[in-house]
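Below: target_13.cif (mmCIF, C-alpha atoms)
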data_work
#
loop_
_atom_site.label_atom_id
_atom_site.label_comp_id
_atom_site.auth_asym_id
_atom_site.auth_seq_id
_atom_site.Cartn_x
_atom_site.Cartn_y
_atom_site.Cartn_z
CA MET M 12 112.24 70.16 62.39
CA LYS M 13 113.70 71.38 65.72
CA TYR M 14 110.42 70.65 67.54
CA ILE M 15 110.36 67.09 66.19
CA PHE M 16 113.98 66.64 67.26
CA MET M 17 113.18 67.87 70.80
CA LEU M 18 110.26 65.44 70.98
CA PHE M 19 112.65 62.58 70.28
CA LEU M 20 114.89 63.80 73.11
CA LEU M 21 112.11 63.60 75.75
CA PRO M 22 112.92 59.99 76.83
CA PHE M 23 116.52 61.04 77.55
CA LEU M 24 115.35 63.99 79.63
CA ALA M 25 112.77 61.85 81.43
CA VAL M 26 115.40 59.44 82.74
CA GLY M 27 117.68 62.27 83.68
CA GLN M 28 117.36 61.54 87.41
CA GLN M 29 118.68 58.02 86.96
CA ASN M 30 122.34 57.14 87.40
CA ASP M 31 122.76 56.05 83.81
CA SER M 32 125.03 58.46 82.01
CA LEU M 33 124.14 60.02 78.70
CA ARG M 34 126.48 59.13 75.85
CA VAL M 35 126.39 61.22 72.70
CA LEU M 36 128.40 60.36 69.61
CA GLN M 37 128.67 62.22 66.34
CA GLY M 38 130.41 61.76 63.00
CA ILE M 39 130.85 63.38 59.59
CA ARG M 40 131.28 61.66 56.24
CA LEU M 41 132.00 63.20 52.83
CA THR M 42 131.04 61.58 49.50
CA SER M 43 132.06 62.27 45.91
CA PHE M 44 130.10 60.41 43.22
CA SER M 45 131.03 60.53 39.51
CA MET M 46 128.99 58.71 36.89
CA THR M 47 128.81 58.53 33.09
CA THR M 48 126.88 56.51 30.49
CA GLN M 49 128.11 56.24 26.90
CA ASN M 50 125.24 55.26 24.58
CA GLY M 51 125.21 53.77 21.07
CA LEU M 52 128.72 52.35 21.23
CA PHE M 53 128.52 49.56 18.64
CA GLY M 54 125.04 49.60 17.08
CA PRO M 55 123.27 51.83 14.55
CA TYR M 56 122.43 54.64 17.00
CA SER M 57 125.78 56.34 17.56
CA GLU M 58 124.03 59.73 17.74
CA LEU M 59 122.36 58.88 21.07
CA GLN M 60 123.10 61.29 23.91
CA ASP M 61 125.87 60.49 26.38
CA TYR M 62 125.42 61.49 30.02
CA TYR M 63 127.59 62.39 32.98
CA ALA M 64 127.09 63.76 36.48
CA GLN M 65 129.25 64.76 39.44
CA SER M 66 127.73 65.14 42.90
CA SER M 67 129.21 65.75 46.34
CA GLY M 68 127.56 65.11 49.67
CA LEU M 69 127.92 65.70 53.38
CA GLU M 70 126.53 63.26 55.93
CA TYR M 71 126.12 64.07 59.63
CA LEU M 72 125.65 61.16 62.05
CA LEU M 73 124.43 61.44 65.63
CA GLU M 74 123.78 58.78 68.24
CA ALA M 75 122.62 59.32 71.83
CA ARG M 76 122.31 56.50 74.37
CA ARG M 77 120.89 56.49 77.87
CA SER M 78 119.71 53.48 79.80
CA ASN M 79 117.64 51.39 77.36
CA TRP M 80 116.92 54.32 75.06
CA ARG M 81 118.76 55.15 71.87
CA LEU M 82 118.38 58.04 69.45
CA LYS M 83 119.97 57.64 66.03
CA ALA M 84 120.15 60.35 63.35
CA ASP M 85 121.70 60.44 59.89
CA PHE M 86 121.26 63.66 57.90
CA TYR M 87 122.23 63.74 54.21
CA GLY M 88 122.98 66.78 52.10
CA THR M 89 123.96 66.53 48.43
CA LYS M 90 124.78 68.95 45.62
CA LEU M 91 124.99 68.35 41.86
CA LEU M 92 128.21 70.08 40.79
CA ALA M 93 128.23 69.31 37.07
CA GLY M 94 126.59 67.19 34.42
CA ASN M 95 123.67 66.84 32.03
CA PRO M 96 121.41 64.27 33.75
CA PHE M 97 118.14 65.83 32.56
CA GLU M 98 119.18 66.79 29.04
CA LYS M 99 116.81 65.32 26.46
CA ASP M 100 118.19 63.09 23.75
CA SER M 101 117.30 64.64 20.38
CA THR M 102 116.29 61.29 18.83
CA THR M 103 114.21 59.70 21.60
CA GLY M 104 113.31 62.60 23.89
CA LYS M 105 114.62 60.60 26.87
CA SER M 106 116.97 61.84 29.60
CA SER M 107 119.50 59.82 31.60
CA ARG M 108 118.55 56.67 33.50
CA TYR M 109 121.42 56.52 36.00
CA GLU M 110 122.92 60.00 36.27
CA SER M 111 119.57 61.60 37.15
CA GLY M 112 119.60 59.42 40.28
CA LEU M 113 122.36 61.58 41.76
CA VAL M 114 119.73 64.28 42.35
CA ALA M 115 115.92 64.18 42.57
CA LEU M 116 113.92 62.61 39.76
CA ASP M 117 110.75 64.23 41.08
CA ALA M 118 112.33 67.70 41.34
CA PRO M 119 114.87 68.12 38.52
CA GLU M 120 115.06 71.86 39.15
CA ARG M 121 116.67 71.24 42.54
CA THR M 122 120.42 70.70 42.38
CA ALA M 123 120.82 70.57 46.18
CA LEU M 124 118.98 68.38 48.69
CA PHE M 125 118.89 67.95 52.46
CA ILE M 126 117.04 64.94 53.90
CA PRO M 127 116.83 63.70 57.52
CA SER M 128 117.00 60.13 56.26
CA ILE M 129 117.41 58.60 59.72
CA LEU M 130 115.77 60.02 62.83
CA GLU M 131 115.00 56.98 64.93
CA LEU M 132 114.10 56.57 68.60
CA SER M 133 114.26 53.04 70.02
CA TYR M 134 113.84 51.29 73.35
CA ARG M 135 115.64 47.99 73.96
CA SER M 136 114.57 45.40 76.51
CA LYS M 137 115.97 41.93 77.08
CA TRP M 138 113.64 40.33 74.54
CA ALA M 139 112.65 43.03 72.10
CA THR M 140 113.41 46.42 70.57
CA PHE M 141 110.67 48.91 69.75
CA GLY M 142 111.41 51.86 67.49
CA LEU M 143 109.73 54.71 65.67
CA GLY M 144 110.69 57.52 63.30
CA ASN M 145 112.77 57.34 60.13
CA PHE M 146 114.80 54.14 59.88
CA SER M 147 116.51 51.82 57.42
CA LEU M 148 115.54 48.25 56.55
CA GLN M 149 117.57 45.27 55.36
CA GLY M 150 115.08 43.38 53.23
CA SER M 151 115.53 41.85 49.79
CA PHE M 152 113.50 44.69 48.23
CA MET M 153 113.30 47.36 50.96
CA ASN M 154 116.86 48.34 51.89
CA ALA M 155 119.43 51.12 51.97
CA GLU M 156 121.68 49.59 49.29
CA HIS M 157 121.03 52.39 46.87
CA GLY M 158 123.92 52.99 44.49
CA ARG M 159 123.10 56.70 44.58
CA MET M 160 123.88 59.69 46.82
CA ILE M 161 121.09 59.18 49.39
CA PRO M 162 119.67 55.77 50.43
CA SER M 163 116.02 54.76 50.73
CA THR M 164 114.67 55.01 54.27
CA PHE M 165 111.26 54.42 55.81
CA SER M 166 109.08 56.23 58.34
CA GLY M 167 106.85 54.39 60.80
CA ILE M 168 107.20 51.99 63.71
CA TYR M 169 108.92 48.62 64.12
CA LEU M 170 109.37 45.77 66.58
CA LYS M 171 112.36 43.42 66.66
CA THR M 172 112.44 40.33 68.85
CA LYS M 173 114.33 37.10 69.42
CA GLY M 174 112.96 33.79 70.63
CA LEU M 175 112.73 30.07 69.89
CA HIS M 176 115.79 30.26 67.62
CA TRP M 177 114.17 32.95 65.44
CA ASN M 178 115.08 36.60 64.88
CA MET M 179 111.96 38.49 63.82
CA GLN M 180 111.04 42.01 62.77
CA ALA M 181 107.75 43.68 61.90
CA SER M 182 107.50 47.22 60.49
CA VAL M 183 104.49 49.36 59.68
CA ILE M 184 105.45 52.10 57.21
CA GLY M 185 103.48 55.27 56.53
CA ALA M 186 105.97 57.25 54.44
CA ILE M 187 109.04 56.50 52.32
CA SER M 188 112.05 58.57 51.32
CA ALA M 189 112.96 56.72 48.16
CA ARG M 190 116.44 56.99 46.69
CA SER M 191 116.86 59.58 43.96
CA THR M 192 113.84 61.59 45.15
CA SER M 193 113.42 64.81 47.13
CA GLY M 194 112.23 63.40 50.47
CA PHE M 195 109.55 61.50 52.37
CA LYS M 196 106.19 60.87 50.69
CA SER M 197 103.15 58.75 51.45
CA VAL M 198 103.19 55.15 50.25
CA SER M 199 100.69 56.04 47.51
CA ALA M 200 102.79 58.97 46.27
CA SER M 201 105.97 56.90 46.43
CA LEU M 202 104.40 54.16 44.32
CA ALA M 203 103.60 56.73 41.64
CA GLN M 204 107.19 57.93 41.30
CA TYR M 205 109.88 56.80 38.90
CA ASN M 206 109.50 55.28 35.45
CA PRO M 207 105.82 54.36 34.90
CA GLY M 208 106.52 51.77 32.20
CA LEU M 209 103.65 50.12 30.32
CA ASP M 210 100.47 48.67 31.77
CA THR M 211 98.90 45.35 30.75
CA ALA M 212 97.13 47.09 27.84
CA GLY M 213 100.36 48.50 26.41
CA SER M 214 99.66 52.11 27.48
CA LYS M 215 101.68 54.32 29.81
CA HIS M 216 101.03 52.99 33.31
CA ASP M 217 99.11 55.64 35.26
CA LYS M 218 99.95 55.06 38.96
CA THR M 219 98.99 58.55 40.18
CA GLU M 220 95.68 57.42 41.71
CA VAL M 221 96.80 54.22 43.43
CA ASN M 222 95.31 53.93 46.92
CA ALA M 223 98.00 52.54 49.23
CA PRO M 224 97.42 53.60 52.86
CA PHE M 225 100.56 51.99 54.33
CA ALA M 226 103.03 49.14 53.92
CA VAL M 227 103.93 46.25 56.23
CA PHE M 228 107.28 44.45 56.21
CA ILE M 229 107.73 41.22 58.22
CA ASP M 230 111.02 39.34 58.36
CA ALA M 231 111.94 36.13 60.22
CA GLU M 232 115.20 34.19 60.08
CA ARG M 233 116.98 31.38 61.86
CA VAL M 234 120.12 29.27 61.69
CA VAL M 235 119.65 25.77 60.25
CA ASN M 236 121.79 22.61 60.22
CA VAL M 237 121.27 19.74 57.77
CA ASN M 238 123.84 16.95 58.23
CA ASN M 239 127.17 18.62 57.35
CA TRP M 240 125.48 21.69 55.90
CA TYR M 241 124.68 24.77 57.93
CA GLY M 242 123.24 28.11 57.01
CA GLN M 243 120.36 30.57 57.25
CA PHE M 244 116.67 30.28 56.51
CA ARG M 245 114.78 33.55 55.95
CA ILE M 246 111.16 34.42 55.23
CA GLU M 247 110.06 37.90 54.14
CA SER M 248 106.60 39.35 53.59
CA TYR M 249 105.85 42.72 51.99
CA THR M 250 102.21 43.80 52.14
CA ILE M 251 100.51 46.90 50.76
CA PRO M 252 96.84 46.49 51.75
CA GLY M 253 94.47 46.62 48.82
CA VAL M 254 97.36 46.50 46.32
CA PHE M 255 99.63 43.44 46.49
CA GLN M 256 101.64 41.11 48.70
CA THR M 257 105.11 39.71 48.09
CA PHE M 258 106.26 36.56 49.89
CA MET M 259 109.92 35.52 49.63
CA VAL M 260 111.96 32.59 50.96
CA ASN M 261 115.77 32.49 51.09
CA GLN M 262 117.68 29.35 52.07
CA LYS M 263 121.47 29.40 52.31
CA LEU M 264 123.46 26.24 53.09
CA ALA M 265 127.24 25.99 53.36
CA SER M 266 129.61 23.05 53.71
CA GLY M 267 133.34 23.65 53.61
CA PRO M 268 134.15 25.86 50.60
CA SER M 269 130.73 25.35 48.97
CA LEU M 270 127.58 27.47 49.34
CA ILE M 271 124.10 26.89 47.91
CA HIS M 272 121.54 29.70 47.86
CA LEU M 273 117.90 28.92 46.98
CA GLN M 274 115.21 31.58 46.44
CA TYR M 275 111.48 31.46 45.89
CA LEU M 276 109.14 34.43 45.47
CA ARG M 277 105.38 34.63 45.03
CA GLN M 278 103.27 37.75 44.56
CA PHE M 279 99.50 38.10 44.93
CA LYS M 280 97.06 40.82 44.02
CA LEU M 281 95.15 42.20 47.00
CA GLY M 282 91.72 43.77 46.55
CA ASN M 283 91.51 45.73 43.31
CA GLY M 284 95.28 46.17 42.98
CA GLY M 285 95.16 49.80 44.10
CA ASN M 286 92.27 51.31 42.13
CA GLU M 287 88.76 50.31 41.08
CA ASP M 288 89.68 51.29 37.53
CA PRO M 289 91.93 48.40 36.36
CA SER M 290 93.89 50.75 34.08
CA LYS M 291 94.92 52.85 37.12
CA ALA M 292 95.72 49.99 39.49
CA TYR M 293 99.35 49.35 40.43
CA PHE M 294 99.04 45.54 40.41
CA GLN M 295 97.08 44.72 37.25
CA GLN M 296 97.68 40.96 37.25
CA GLU M 297 96.64 38.22 39.67
CA GLN M 298 100.07 36.92 40.65
CA SER M 299 103.70 36.32 39.72
CA GLN M 300 106.31 33.71 40.61
CA TYR M 301 110.12 33.59 40.68
CA PHE M 302 112.70 30.82 41.27
CA GLY M 303 116.43 31.27 41.85
CA VAL M 304 119.46 29.11 42.62
CA LYS M 305 123.13 29.98 43.13
CA TYR M 306 126.18 27.82 43.75
CA SER M 307 129.52 29.25 44.84
CA HIS M 308 132.83 27.60 45.64
CA LYS M 309 135.77 29.23 47.40
CA VAL M 310 139.35 28.58 46.30
CA ASP M 311 141.93 30.37 48.45
CA LYS M 312 140.58 33.95 48.67
CA VAL M 313 138.36 33.83 45.58
CA ASP M 314 134.67 32.85 45.41
CA TYR M 315 133.55 31.48 42.04
CA PHE M 316 129.82 31.32 41.42
CA ILE M 317 127.09 30.49 38.95
CA ALA M 318 123.48 31.54 39.38
CA SER M 319 120.25 31.16 37.47
CA SER M 320 116.74 32.53 37.95
CA TYR M 321 113.40 32.34 36.19
CA ILE M 322 110.25 34.46 36.36
CA ASP M 323 107.47 32.29 34.93
CA ASP M 324 104.42 33.14 32.85
CA LYS M 325 102.06 33.83 35.78
CA GLY M 326 102.88 37.53 35.52
CA LYS M 327 105.55 40.21 35.85
CA LEU M 328 107.66 40.61 38.99
CA LEU M 329 106.54 44.03 40.28
CA PHE M 330 107.98 46.11 43.10
CA PRO M 331 108.85 49.83 43.38
CA ARG M 332 112.46 49.99 42.20
CA GLU M 333 113.31 53.08 44.22
CA TRP M 334 112.58 51.37 47.58
CA GLY M 335 115.91 49.54 47.46
CA ARG M 336 118.13 47.15 45.56
CA GLU M 337 116.56 43.81 44.53
CA TYR M 338 118.62 41.00 46.05
CA LEU M 339 117.98 38.23 43.56
CA VAL M 340 120.65 35.55 43.10
CA THR M 341 121.26 36.81 39.55
CA PHE M 342 121.57 40.46 40.59
CA GLN M 343 124.24 42.57 38.90
CA GLY M 344 124.87 46.24 39.62
CA ARG M 345 122.98 48.55 37.22
CA GLU M 346 120.60 45.75 36.26
CA ARG M 347 116.98 45.00 37.25
CA GLN M 348 114.55 42.17 36.63
CA GLU M 349 111.59 43.99 38.13
CA GLY M 350 108.88 44.50 35.51
CA MET M 351 109.73 41.23 33.75
CA GLY M 352 107.87 37.97 33.24
CA LYS M 353 108.88 34.82 31.33
CA THR M 354 112.50 35.84 31.91
CA LEU M 355 115.50 33.53 32.30
CA ALA M 356 118.77 34.90 33.72
CA THR M 357 122.13 33.18 34.12
CA VAL M 358 125.16 34.86 35.73
CA VAL M 359 128.70 33.56 36.34
CA GLY M 360 131.49 35.38 38.10
CA ALA M 361 134.08 35.57 40.84
CA THR M 362 134.81 37.82 43.83
CA GLY M 363 137.98 38.09 45.86
CA LYS M 364 139.53 39.80 48.87
CA TRP M 365 143.14 40.74 49.50
CA SER M 366 145.32 43.26 51.35
CA GLN M 367 148.36 45.17 50.14
CA ASN M 368 150.32 47.94 51.86
CA LYS M 369 147.66 48.32 54.59
CA VAL M 370 144.94 48.75 51.97
CA ARG M 371 142.08 46.23 51.92
CA HIS M 372 140.74 45.30 48.49
CA VAL M 373 137.52 43.61 47.40
CA GLY M 374 136.81 43.08 43.73
CA GLY M 375 134.86 41.03 41.29
CA VAL M 376 133.85 40.31 37.74
CA SER M 377 130.60 38.84 36.47
CA THR M 378 128.81 38.33 33.19
CA GLY M 379 125.15 37.52 32.74
CA ILE M 380 122.67 36.73 30.00
CA TYR M 381 119.07 37.93 30.41
CA VAL M 382 116.60 36.28 28.04
CA ARG M 383 113.43 38.36 28.09
CA PRO M 384 110.25 38.60 26.02
CA GLU M 385 110.61 40.98 23.09
CA PRO M 386 110.32 44.70 24.00
CA ILE M 387 106.95 44.91 22.24
CA ASP M 388 105.50 42.19 24.53
CA TYR M 389 104.18 44.65 27.14
CA LYS M 390 102.32 41.89 29.03
CA TYR M 391 105.63 40.45 30.25
CA ASN M 392 108.04 43.33 29.56
CA LYS M 393 106.93 46.46 31.40
CA TYR M 394 109.90 48.67 30.44
CA ALA M 395 110.49 47.40 26.86
CA MET M 396 113.88 45.95 27.81
CA PRO M 397 115.65 43.92 25.10
CA SER M 398 117.37 40.64 25.94
CA ASN M 399 120.99 41.40 26.69
CA GLN M 400 124.36 40.32 27.96
CA GLN M 401 125.89 42.35 30.76
CA THR M 402 129.44 42.31 32.10
CA ASN M 403 130.45 44.02 35.35
CA ILE M 404 133.89 44.73 36.78
CA TRP M 405 134.13 46.36 40.21
CA TRP M 406 136.81 47.14 42.78
CA LYS M 407 136.55 48.54 46.31
CA GLN M 408 139.45 49.79 48.44
CA ASN M 409 139.53 50.74 52.14
CA TRP M 410 142.39 52.21 54.10
CA LYS M 411 143.21 54.01 57.36
CA GLY M 412 140.63 52.14 59.40
CA ASN M 413 137.88 52.47 56.79
CA ARG M 414 138.10 56.26 56.89
CA HIS M 415 138.82 56.20 53.16
CA GLU M 416 136.75 54.12 50.74
CA LEU M 417 136.98 54.08 46.95
CA LEU M 418 134.61 52.12 44.72
CA SER M 419 135.01 51.82 40.93
CA MET M 420 132.63 49.98 38.63
CA ALA M 421 132.39 49.43 34.86
CA VAL M 422 129.29 47.96 33.20
CA ILE M 423 128.82 47.08 29.54
CA LYS M 424 125.50 45.91 28.07
CA VAL M 425 125.14 44.28 24.66
CA PRO M 426 121.73 43.61 23.04
CA LEU M 427 120.70 40.03 22.26
CA SER M 428 117.21 40.65 20.89
CA SER M 429 116.20 38.49 17.93
CA LEU M 430 114.31 41.43 16.41
CA PRO M 431 115.60 44.89 15.46
CA ILE M 432 115.28 47.33 18.34
CA SER M 433 114.55 51.04 18.15
CA ALA M 434 116.62 53.93 19.48
CA ALA M 435 114.16 54.31 22.39
CA GLN M 436 114.65 50.62 23.28
CA THR M 437 118.43 51.10 23.14
CA ILE M 438 119.28 54.31 25.02
CA ASN M 439 120.32 53.71 28.65
CA LYS M 440 119.39 50.01 28.29
CA VAL M 441 121.79 48.23 25.91
CA ASP M 442 124.67 49.02 23.54
CA MET M 443 126.16 51.12 26.32
CA LEU M 444 129.06 51.52 28.72
CA HIS M 445 128.49 52.82 32.24
CA LEU M 446 131.19 53.95 34.69
CA SER M 447 130.78 54.86 38.37
CA PHE M 448 133.39 56.19 40.82
CA VAL M 449 132.53 56.74 44.48
CA TYR M 450 134.91 58.12 47.09
CA ARG M 451 133.88 58.35 50.74
CA TYR M 452 135.96 60.00 53.43
CA THR M 453 134.96 59.71 57.06
CA LEU M 454 136.18 63.07 58.28
CA MET M 455 135.15 62.26 61.83
CA PRO M 456 134.14 58.72 62.86
CA LEU M 457 131.44 58.35 65.48
CA GLN M 458 133.02 59.68 68.67
CA ARG M 459 131.88 61.13 71.97
CA LEU M 460 131.12 64.82 72.17
#
Could you show the structure in this file as structure tokens?
Amino acid sequence: MKYIFMLFLLPFLAVGQQNDSLRVLQGIRLTSFSMTTQNGLFGPYSELQDYYAQSSGLEYLLEARRSNWRLKADFYGTKLLAGNPFEKDSTTGKSSRYESGLVALDAPERTALFIPSILELSYRSKWATFGLGNFSLQGSFMNAEHGRMIPSTFSGIYLKTKGLHWNMQASVIGAISARSTSGFKSVSASLAQYNPGLDTAGSKHDKTEVNAPFAVFIDAERVVNVNNWYGQFRIESYTIPGVFQTFMVNQKLASGPSLIHLQYLRQFKLGNGGNEDPSKAYFQQEQSQYFGVKYSHKVDKVDYFIASSYIDDKGKLLFPREWGREYLVTFQGRERQEGMGKTLATVVGATGKWSQNKVRHVGGVSTGIYVRPEPIDYKYNKYAMPSNQQTNIWWKQNWKGNRHELLSMAVIKVPLSSLPISAAQTINKVDMLHLSFVYRYTLMPLQRL
């Protein structure tokens, strides 16, 4: 590791004879994350296992700047202090879905982790920025919004540029440190992680032999004006050669207190979907398609919204869940639509901001109905998820210049399936209450050495 770090410092040493001064900043952040899931609250499976976990983490941030060069580092360490995230439920044989994410799903024996999530060297010119190393992305599916102890980050090269009213970025990714895992792995190995679900034949989806040499992320956005409406237009493309491509369009338009958000997504199979044997391919269908719309209206300091989305019958929406949060218009925390087809979702809610006694507050409530194919319909329901109603309540507080941050969230899921569901289709999915509490303390904000 020290030799790699010294290699990244070479550009700073090479410009050492110039007059530009070297600026080095560092910071330290502490995190405490508590989580619990109470299963079988109201239905016939009260004996289902409940889960809890408590983790603490230390984050070290470093940034060095000289001339047009910048080195950015963000090292995460985390330790599971207490809990039962990998305890098997006696009825279903399953372990936790959420609490296990506070450590490493691929290495449950490890209760402590250290990952150099960010180690990024970049050069900035007037028109473009070129970077390489470990970096974060801000896409709709590849991003650092993780809801766990350590975010997903990506290793490779990228180019960002501005011109002709467009902001554009292209990234070529060779390795991924997915959230809730033990570190960086090849794209193929990362695809094989996490819950395999069911394939199109109804068997356990074997992704261990998927051939995925690298991934490419391309993002372009611009500001648009239509009469009295203004907003942002964004196009994203995610490509894994020989496996699949995802193309997504986001259009946001605002006028006064009103905001309209339109989404369209289309996925295509590339080559053989990842393996010549169809049963071992990652993308076992030809395509999938998604539509989404959201309307929000602001009254004083509160935004009220309603959103609806539909994944049609062309296929299931597929994307590695651990590569980031899915920013669909009907997204709710602790909920996913990945792995679903023929699925209609409708969510209503409100978010607000206020300040009191030098503490800034942001909070919200939302409730959504997810109408899915029955859990036994493996062609359109990869993870055997029942239809359900979900209600979220969350509250975030910041004080003392953002040095203290407290986030609390409660989630309740109620089954709506028209058929009886089994214990395995219930645990960690519906008939449950989930609570999360996250406290972050910036012990030392980024400051000069």
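What the PyMOL selection byres ((chain M and resi 342) around 10) matches in the given file is Ala318, Ser319, Ser320, Arg336, Glu337, Tyr338, Leu339, Val340, Thr341, Gln343, Gly344, Arg345, Glu346, Arg347, Gln348, Ala356, Thr357, Val358 and Gly379 of chain M.
Counting all atoms listed in the file and comparing M:Lys440, M:Arg371, M:Lys263, M:Lys312, the residue that lies closest to M:Ile423 is M:Lys440.
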For this session: Skip M:Gly360 itself and residues of its chain fewer than 4 positions away, then list as JSON, numbers by chain all residues within 8 Å of it, counting all atoms listed in the file.
Result: {"M": [315, 316, 317, 375, 376, 377, 378]}
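Atom pair atom CA of M:Thr164 / atom CA of M:Ser199: separated by 15.6 Å.
Reported to one decimal place, the separation of atom CA of M:Tyr205 from atom CA of M:Ile126 is 18.5 Å.
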Exercise. So which residues touch M:Phe279 within 7 Å, counting only C-alpha atoms, skipping near sequence neighbours fewer than 2 positions away, as a list in words?
Worked result: Phe255, Gln256, Thr257, Arg277, Leu281, Glu297, Gln298 and Ser299 of chain M
Problem set entry | Reference answer for the PyMOL selection byres ((chain M and resi 119) around 12), as JSON, numbers by chain | {"M": [91, 95, 96, 97, 98, 106, 107, 110, 111, 112, 113, 114, 115, 116, 117, 118, 120, 121, 122, 123, 124, 191, 192, 193]}
Exercise. Could you spell out the hits of the PyMOL selection byres ((chain M and resi 406) around 12) on the shown file, as an NGL selection string?
Worked result: :M and (362-365 or 371-376 or 403-405 or 407-409 or 416-421 or 446-450)
For this session: List the neighbours of stretch 209-220 of chain M out to 6 Å using all atoms listed in the file; skip same-chain residues closer than 5 positions along the sequence, and give me the result as an NGL selection string.
Result: :M and (203 or 291 or 293 or 389-390 or 393)
Could you give me, as a PDB file with C-alpha atoms, in the coordinates of the input, the residues within 8 Å of stretch 32-48 of chain M, counting all atoms listed in the file and dropping anything in the same chain fewer than 4 positions from it?
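So out-v1.pdb came out as:
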ATOM      1  CA  PHE M  23     116.520  61.040  77.550  1.00  0.00           C
ATOM      2  CA  ASP M  61     125.870  60.490  26.380  1.00  0.00           C
ATOM      3  CA  TYR M  62     125.420  61.490  30.020  1.00  0.00           C
ATOM      4  CA  TYR M  63     127.590  62.390  32.980  1.00  0.00           C
ATOM      5  CA  ALA M  64     127.090  63.760  36.480  1.00  0.00           C
ATOM      6  CA  GLN M  65     129.250  64.760  39.440  1.00  0.00           C
ATOM      7  CA  SER M  66     127.730  65.140  42.900  1.00  0.00           C
ATOM      8  CA  SER M  67     129.210  65.750  46.340  1.00  0.00           C
ATOM      9  CA  GLY M  68     127.560  65.110  49.670  1.00  0.00           C
ATOM     10  CA  LEU M  69     127.920  65.700  53.380  1.00  0.00           C
ATOM     11  CA  GLU M  70     126.530  63.260  55.930  1.00  0.00           C
ATOM     12  CA  TYR M  71     126.120  64.070  59.630  1.00  0.00           C
ATOM     13  CA  LEU M  72     125.650  61.160  62.050  1.00  0.00           C
ATOM     14  CA  LEU M  73     124.430  61.440  65.630  1.00  0.00           C
ATOM     15  CA  GLU M  74     123.780  58.780  68.240  1.00  0.00           C
ATOM     16  CA  ALA M  75     122.620  59.320  71.830  1.00  0.00           C
ATOM     17  CA  ARG M  76     122.310  56.500  74.370  1.00  0.00           C
ATOM     18  CA  ARG M  77     120.890  56.490  77.870  1.00  0.00           C
ATOM     19  CA  SER M  78     119.710  53.480  79.800  1.00  0.00           C
ATOM     20  CA  TYR M 109     121.420  56.520  36.000  1.00  0.00           C
ATOM     21  CA  GLU M 110     122.920  60.000  36.270  1.00  0.00           C
ATOM     22  CA  LEU M 113     122.360  61.580  41.760  1.00  0.00           C
ATOM     23  CA  MET M 160     123.880  59.690  46.820  1.00  0.00           C
ATOM     24  CA  ASN M 439     120.320  53.710  28.650  1.00  0.00           C
ATOM     25  CA  MET M 443     126.160  51.120  26.320  1.00  0.00           C
ATOM     26  CA  LEU M 444     129.060  51.520  28.720  1.00  0.00           C
ATOM     27  CA  HIS M 445     128.490  52.820  32.240  1.00  0.00           C
ATOM     28  CA  LEU M 446     131.190  53.950  34.690  1.00  0.00           C
ATOM     29  CA  SER M 447     130.780  54.860  38.370  1.00  0.00           C
ATOM     30  CA  PHE M 448     133.390  56.190  40.820  1.00  0.00           C
ATOM     31  CA  VAL M 449     132.530  56.740  44.480  1.00  0.00           C
ATOM     32  CA  TYR M 450     134.910  58.120  47.090  1.00  0.00           C
ATOM     33  CA  ARG M 451     133.880  58.350  50.740  1.00  0.00           C
ATOM     34  CA  TYR M 452     135.960  60.000  53.430  1.00  0.00           C
ATOM     35  CA  THR M 453     134.960  59.710  57.060  1.00  0.00           C
ATOM     36  CA  LEU M 454     136.180  63.070  58.280  1.00  0.00           C
ATOM     37  CA  MET M 455     135.150  62.260  61.830  1.00  0.00           C
ATOM     38  CA  PRO M 456     134.140  58.720  62.860  1.00  0.00           C
ATOM     39  CA  LEU M 457     131.440  58.350  65.480  1.00  0.00           C
ATOM     40  CA  GLN M 458     133.020  59.680  68.670  1.00  0.00           C
ATOM     41  CA  ARG M 459     131.880  61.130  71.970  1.00  0.00           C
ATOM     42  CA  LEU M 460     131.120  64.820  72.170  1.00  0.00           C
TER      43      LEU M 460
END
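Counting all atoms listed in the file, the residue from M:Arg414, M:Ser266, M:Val260, M:Ser290 that sits nearest to M:Gly303 is M:Val260.
A straight line drawn from atom CA of M:Gly194 to atom CA of M:Leu170 is 24.1 Å long.
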Problem set entry | Contact residues around stretch 282-284 of chain M with all atoms listed in the file at 7 Å, ignoring same-chain residues under 4 positions, as a ChimeraX atom specification | /M:253-255,292-295
